[in-house]
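Coordinates as given in work.pdb (PDB, C-alpha atoms):
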```
MODEL        1
ATOM      1  CA  MET B   1     -11.869  -6.743  14.504
ATOM      2  CA  PRO B   2     -12.023  -3.014  13.662
ATOM      3  CA  ILE B   3      -8.986  -0.873  14.371
ATOM      4  CA  ALA B   4      -9.488   2.605  15.777
ATOM      5  CA  ALA B   5      -9.110   5.442  13.283
ATOM      6  CA  THR B   6      -6.374   6.943  15.439
ATOM      7  CA  ALA B   7      -2.762   6.594  14.360
ATOM      8  CA  ILE B   8      -0.569   3.925  15.926
ATOM      9  CA  LEU B   9       3.198   3.599  15.768
ATOM     10  CA  CYS B  10       4.564   0.226  14.649
ATOM     11  CA  LEU B  11       7.808  -1.357  13.489
ATOM     12  CA  VAL B  12       7.523  -2.898  10.019
ATOM     13  CA  LEU B  13       8.926  -6.440  10.257
ATOM     14  CA  SER B  14       8.240  -7.830   6.784
ATOM     15  CA  VAL B  15       6.740  -7.070   3.405
ATOM     16  CA  SER B  16       4.673  -9.834   1.784
ATOM     17  CA  ASP B  17       3.967  -8.145  -1.538
ATOM     18  CA  GLY B  18       3.561  -4.695  -3.029
ATOM     19  CA  ASP B  19       0.662  -3.728  -0.781
ATOM     20  CA  THR B  20       0.887  -5.955   2.305
ATOM     21  CA  LEU B  21       3.173  -5.875   5.330
ATOM     22  CA  LYS B  22       3.473  -7.135   8.904
ATOM     23  CA  ALA B  23       4.150  -4.741  11.736
ATOM     24  CA  LEU B  24       4.856  -5.059  15.450
ATOM     25  CA  CYS B  25       2.796  -2.535  17.362
ATOM     26  CA  ASP B  26       2.670  -1.263  20.911
ATOM     27  CA  GLU B  27       0.620  -3.562  23.140
ATOM     28  CA  ALA B  28      -1.299  -0.616  24.552
ATOM     29  CA  ALA B  29      -2.531   0.365  21.088
ATOM     30  CA  LEU B  30      -3.852  -3.039  20.039
ATOM     31  CA  PRO B  31      -5.057  -6.269  21.604
ATOM     32  CA  GLN B  32      -2.552  -8.180  19.426
ATOM     33  CA  ASN B  33       1.015  -7.040  18.827
ATOM     34  CA  LEU B  34       1.532  -8.373  15.295
ATOM     35  CA  LEU B  35      -0.627  -6.705  12.691
ATOM     36  CA  THR B  36      -1.016  -7.658   9.029
ATOM     37  CA  VAL B  37      -1.624  -4.476   7.052
ATOM     38  CA  ARG B  38      -3.021  -3.898   3.572
ATOM     39  CA  LEU B  39      -2.086  -0.468   2.245
ATOM     40  CA  ALA B  40      -5.215   1.631   1.856
ATOM     41  CA  SER B  41      -6.371   3.031  -1.477
ATOM     42  CA  ILE B  42      -3.972   1.093  -3.736
ATOM     43  CA  ASP B  43      -3.661  -2.274  -5.431
ATOM     44  CA  ALA B  44      -0.177  -3.429  -6.418
ATOM     45  CA  PRO B  45       0.541  -6.132  -8.983
ATOM     46  CA  GLU B  46       0.415  -9.667  -7.630
ATOM     47  CA  SER B  47       3.747 -11.369  -6.899
ATOM     48  CA  ASN B  48       3.552 -13.567 -10.045
ATOM     49  CA  GLN B  49       2.351 -10.675 -12.191
ATOM     50  CA  ALA B  50       4.518  -8.278 -14.205
ATOM     51  CA  PHE B  51       6.028  -5.681 -11.840
ATOM     52  CA  GLY B  52       4.910  -7.655  -8.766
ATOM     53  CA  ARG B  53       8.451  -8.235  -7.516
ATOM     54  CA  ARG B  54       9.436  -4.628  -8.241
ATOM     55  CA  ALA B  55       6.449  -3.368  -6.260
ATOM     56  CA  ARG B  56       7.420  -5.589  -3.304
ATOM     57  CA  GLN B  57      11.052  -4.411  -3.504
ATOM     58  CA  ALA B  58       9.973  -0.761  -3.635
ATOM     59  CA  LEU B  59       7.668  -1.129  -0.629
ATOM     60  CA  SER B  60      10.420  -2.964   1.271
ATOM     61  CA  GLY B  61      12.837  -0.143   0.536
ATOM     62  CA  LEU B  62      10.358   2.398   1.856
ATOM     63  CA  VAL B  63       9.144   0.713   5.047
ATOM     64  CA  LEU B  64      11.097  -2.403   6.078
ATOM     65  CA  ASP B  65      12.703  -2.161   9.535
ATOM     66  CA  LYS B  66      11.299   1.348   9.985
ATOM     67  CA  MET B  67       8.861   2.807  12.446
ATOM     68  CA  ALA B  68       5.631   3.589  10.616
ATOM     69  CA  ARG B  69       2.553   5.534  11.604
ATOM     70  CA  LEU B  70      -0.456   3.445  10.651
ATOM     71  CA  GLU B  71      -3.724   5.290  10.088
ATOM     72  CA  CYS B  72      -6.207   2.435   9.974
ATOM     73  CA  ARG B  73      -9.810   2.987   8.972
ATOM     74  CA  GLY B  74     -12.876   0.820   9.225
ATOM     75  CA  ASN B  75     -13.009  -2.928   9.376
ATOM     76  CA  PRO B  76     -10.391  -5.435   8.253
ATOM     77  CA  ASP B  77     -10.556  -6.665   4.663
ATOM     78  CA  ARG B  78     -11.903 -10.097   3.692
ATOM     79  CA  TYR B  79      -8.523 -11.673   4.567
ATOM     80  CA  GLY B  80      -8.487 -10.153   8.060
ATOM     81  CA  ARG B  81      -5.859  -7.540   7.242
ATOM     82  CA  SER B  82      -6.124  -4.061   8.707
ATOM     83  CA  VAL B  83      -6.464  -1.502   5.913
ATOM     84  CA  CYS B  84      -4.193   1.431   6.725
ATOM     85  CA  LYS B  85      -2.456   4.432   5.304
ATOM     86  CA  VAL B  86       1.241   3.804   6.063
ATOM     87  CA  MET B  87       3.374   6.847   6.824
ATOM     88  CA  VAL B  88       7.170   6.662   7.240
ATOM     89  CA  ALA B  89      10.075   9.076   7.470
ATOM     90  CA  PRO B  90      11.458  10.021   4.057
ATOM     91  CA  PRO B  91      14.789   8.437   3.045
ATOM     92  CA  SER B  92      16.460  11.847   3.365
ATOM     93  CA  CYS B  93      15.990  11.715   7.141
ATOM     94  CA  THR B  94      19.045  10.018   8.602
ATOM     95  CA  ARG B  95      18.652  10.803  12.307
ATOM     96  CA  GLU B  96      15.735  10.300  14.659
ATOM     97  CA  PRO B  97      13.411  11.892  15.461
ATOM     98  CA  CYS B  98      12.022  12.154  11.959
ATOM     99  CA  ALA B  99       8.560  13.223  10.968
ATOM    100  CA  ARG B 100       6.661  10.414   9.250
ATOM    101  CA  THR B 101       5.526  12.405   6.228
ATOM    102  CA  LEU B 102       6.014   9.920   3.373
ATOM    103  CA  ASP B 103       2.841   8.071   2.328
ATOM    104  CA  ALA B 104       4.047   4.625   1.177
ATOM    105  CA  GLY B 105       0.927   3.922  -0.906
ATOM    106  CA  LEU B 106       1.067   7.270  -2.689
ATOM    107  CA  THR B 107       4.762   6.706  -3.365
ATOM    108  CA  LEU B 108       4.058   3.360  -5.040
ATOM    109  CA  VAL B 109       1.406   4.970  -7.249
ATOM    110  CA  THR B 110       3.851   7.780  -8.119
ATOM    111  CA  LEU B 111       6.512   5.221  -9.103
ATOM    112  CA  GLY B 112       4.015   3.429 -11.337
ATOM    113  CA  LEU B 113       4.095   0.305  -9.165
ATOM    114  CA  ALA B 114       0.480   0.337  -7.993
ATOM    115  CA  TRP B 115      -2.967   1.413  -9.104
ATOM    116  CA  TRP B 116      -5.026   3.937  -7.186
ATOM    117  CA  GLU B 117      -8.307   2.323  -6.148
ATOM    118  CA  PRO B 118     -10.936   4.975  -6.966
ATOM    119  CA  HIS B 119     -13.803   2.781  -5.727
ATOM    120  CA  TYR B 120     -12.334   3.288  -2.221
ATOM    121  CA  ALA B 121     -12.095   7.044  -2.756
ATOM    122  CA  GLU B 122     -14.874   7.723  -0.255
ATOM    123  CA  GLU B 123     -12.492   6.472   2.460
ATOM    124  CA  GLN B 124      -9.997   9.194   1.517
ATOM    125  CA  THR B 125     -10.084  12.893   2.210
ATOM    126  CA  PRO B 126     -10.660  15.113  -0.857
ATOM    127  CA  GLN B 127      -6.962  16.103  -0.691
ATOM    128  CA  GLU B 128      -5.847  12.439  -0.659
ATOM    129  CA  ARG B 129      -8.136  11.606  -3.598
ATOM    130  CA  GLY B 130      -6.623  14.454  -5.586
ATOM    131  CA  GLN B 131      -3.061  13.422  -4.720
ATOM    132  CA  TYR B 132      -3.571   9.765  -5.611
ATOM    133  CA  GLU B 133      -5.456  10.505  -8.824
ATOM    134  CA  PHE B 134      -2.825  13.035  -9.890
ATOM    135  CA  ALA B 135       0.012  10.605  -9.054
ATOM    136  CA  GLU B 136      -1.547   7.887 -11.224
ATOM    137  CA  VAL B 137      -2.163  10.262 -14.148
ATOM    138  CA  GLU B 138       1.439  11.507 -13.901
ATOM    139  CA  ALA B 139       2.864   7.968 -13.715
ATOM    140  CA  LYS B 140       0.839   6.977 -16.782
ATOM    141  CA  GLY B 141       1.970  10.083 -18.646
ATOM    142  CA  LYS B 142       5.629   9.384 -17.829
ATOM    143  CA  HIS B 143       5.261   5.667 -18.611
ATOM    144  CA  ALA B 144       6.673   4.941 -15.159
ATOM    145  CA  GLY B 145       6.863   1.380 -13.868
ATOM    146  CA  LEU B 146       3.990  -0.803 -15.019
ATOM    147  CA  TRP B 147       2.748   1.961 -17.303
ATOM    148  CA  ARG B 148       5.671   1.151 -19.657
ATOM    149  CA  ASP B 149       3.536  -1.757 -20.757
ATOM    150  CA  GLY B 150       1.102  -0.571 -23.406
ATOM    151  CA  ASP B 151      -1.795  -2.364 -21.762
ATOM    152  CA  PRO B 152      -0.991  -3.254 -18.134
ATOM    153  CA  VAL B 153      -3.319  -5.761 -16.492
ATOM    154  CA  ALA B 154      -4.866  -4.493 -13.287
ATOM    155  CA  PRO B 155      -4.388  -6.835 -10.305
ATOM    156  CA  TRP B 156      -8.138  -7.333  -9.844
ATOM    157  CA  THR B 157      -8.374  -8.527 -13.474
ATOM    158  CA  TRP B 158      -5.261 -10.695 -13.123
ATOM    159  CA  ARG B 159      -6.684 -12.366  -9.981
ATOM    160  CA  GLN B 160      -9.898 -13.259 -11.851
ATOM    161  CA  GLU B 161      -7.852 -14.848 -14.639
ATOM    162  CA  HIS B 162      -5.504 -16.650 -12.198
ATOM    163  CA  PRO B 163      -7.613 -17.923  -9.281
ATOM    164  CA  ARG B 164      -5.739 -19.422  -6.350
ATOM    165  CA  PRO B 165      -6.190 -23.146  -5.806
ATOM    166  CA  ARG B 166      -8.209 -23.910  -2.682
TER     167      ARG B 166
ENDMDL
END
```
Can you present the structure in this file as structure tokens?
Amino acid sequence: MPIAATAILCLVLSVSDGDTLKALCDEAALPQNLLTVRLASIDAPESNQAFGRRARQALSGLVLDKMARLECRGNPDRYGRSVCKVMVAPPSCTREPCARTLDAGLTLVTLGLAWWEPHYAEEQTPQERGQYEFAEVEAKGKHAGLWRDGDPVAPWTWRQEHPRPR
């Protein structure tokens, strides 16, 4: 079921891995209250992969138990998750109301805990593409997070080598 491209405000209830979360949203905004969200434009290491737990911990620290503005585009992914840009208040904001100006996906790329997905670049604005590409180049240059490994394995490659039992 496609989600409107307009932003919706939701409470993040849980984080499954470095790029997936569950959020409770206003009933008026969606036909169902509980939404499973895949962060747009990034791919974080799988849970059993190097840096997978760190990516999950970082995302939890950014979004868990916080109100997030979800900017969902297009149709759900092949697992039925809504693909959304997730915006939260920065950690420096200690009192509501806070502007939700921190892009959780971009932050994970900046920390070296996720890859930017350039084959989804057409779903981003030119400014977003530039920010995400720059963040990944900077993280690589600083050997941040998974880039400390001389040859990190991208999640899409790791999934091919470690298929899930059906």
What is the CA of Trp115 in chain B-CA of Leu34 in chain B distance in Å, reported with one decimal? 26.7 Å
Restricting the calculation to all atoms listed in the file, which member of B:Leu64, B:Ala44, B:Leu9, B:Ala58 is positioned closest to Lys22 in chain B? B:Leu64
For Thr101 in chain B, find every residue with an atom within 7 Å (counting all atoms listed in the file), except residues of its own chain fewer than 6 positions away, and show them as number ranges by chain. B: 87-90
On this structure, which residues satisfy the PyMOL selection byres ((chain B and resi 152) around 12), written as an NGL selection string? :B and (44-45 or 49-52 or 112-115 or 140 or 143-151 or 153-158)
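Checking B:Leu24, B:Arg129, B:Pro163, B:Glu123 one by one against Ile8 in chain B, counting all atoms listed in the file, you find the shortest gap at B:Leu24.
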Here's the selection I'm unsure about, the PyMOL selection byres ((chain B and resi 38) around 12); applied to the file above, which residues does it give, as a PyMOL selection string? chain B and resi 15-23+35-37+39-44+59+70-73+75-86+104-105
To box range 68-73 of chain B, take all atoms listed in the file, fit an axis-aligned box, add 5 Å on each side, and give centre and edge lengths in Å to one decimal, as lines of an AutoDock Vina configuration file.
```
center_x = -2.1
center_y = 4.0
center_z = 10.3
size_x = 25.4
size_y = 13.1
size_z = 12.6
```
CA of Ser47 in chain B to CA of Glu161 in chain B: how many Å, to one decimal? 14.4 Å
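Counting from CA of Phe134 in chain B, the distance to CA of Tyr120 in chain B is 15.6 Å.
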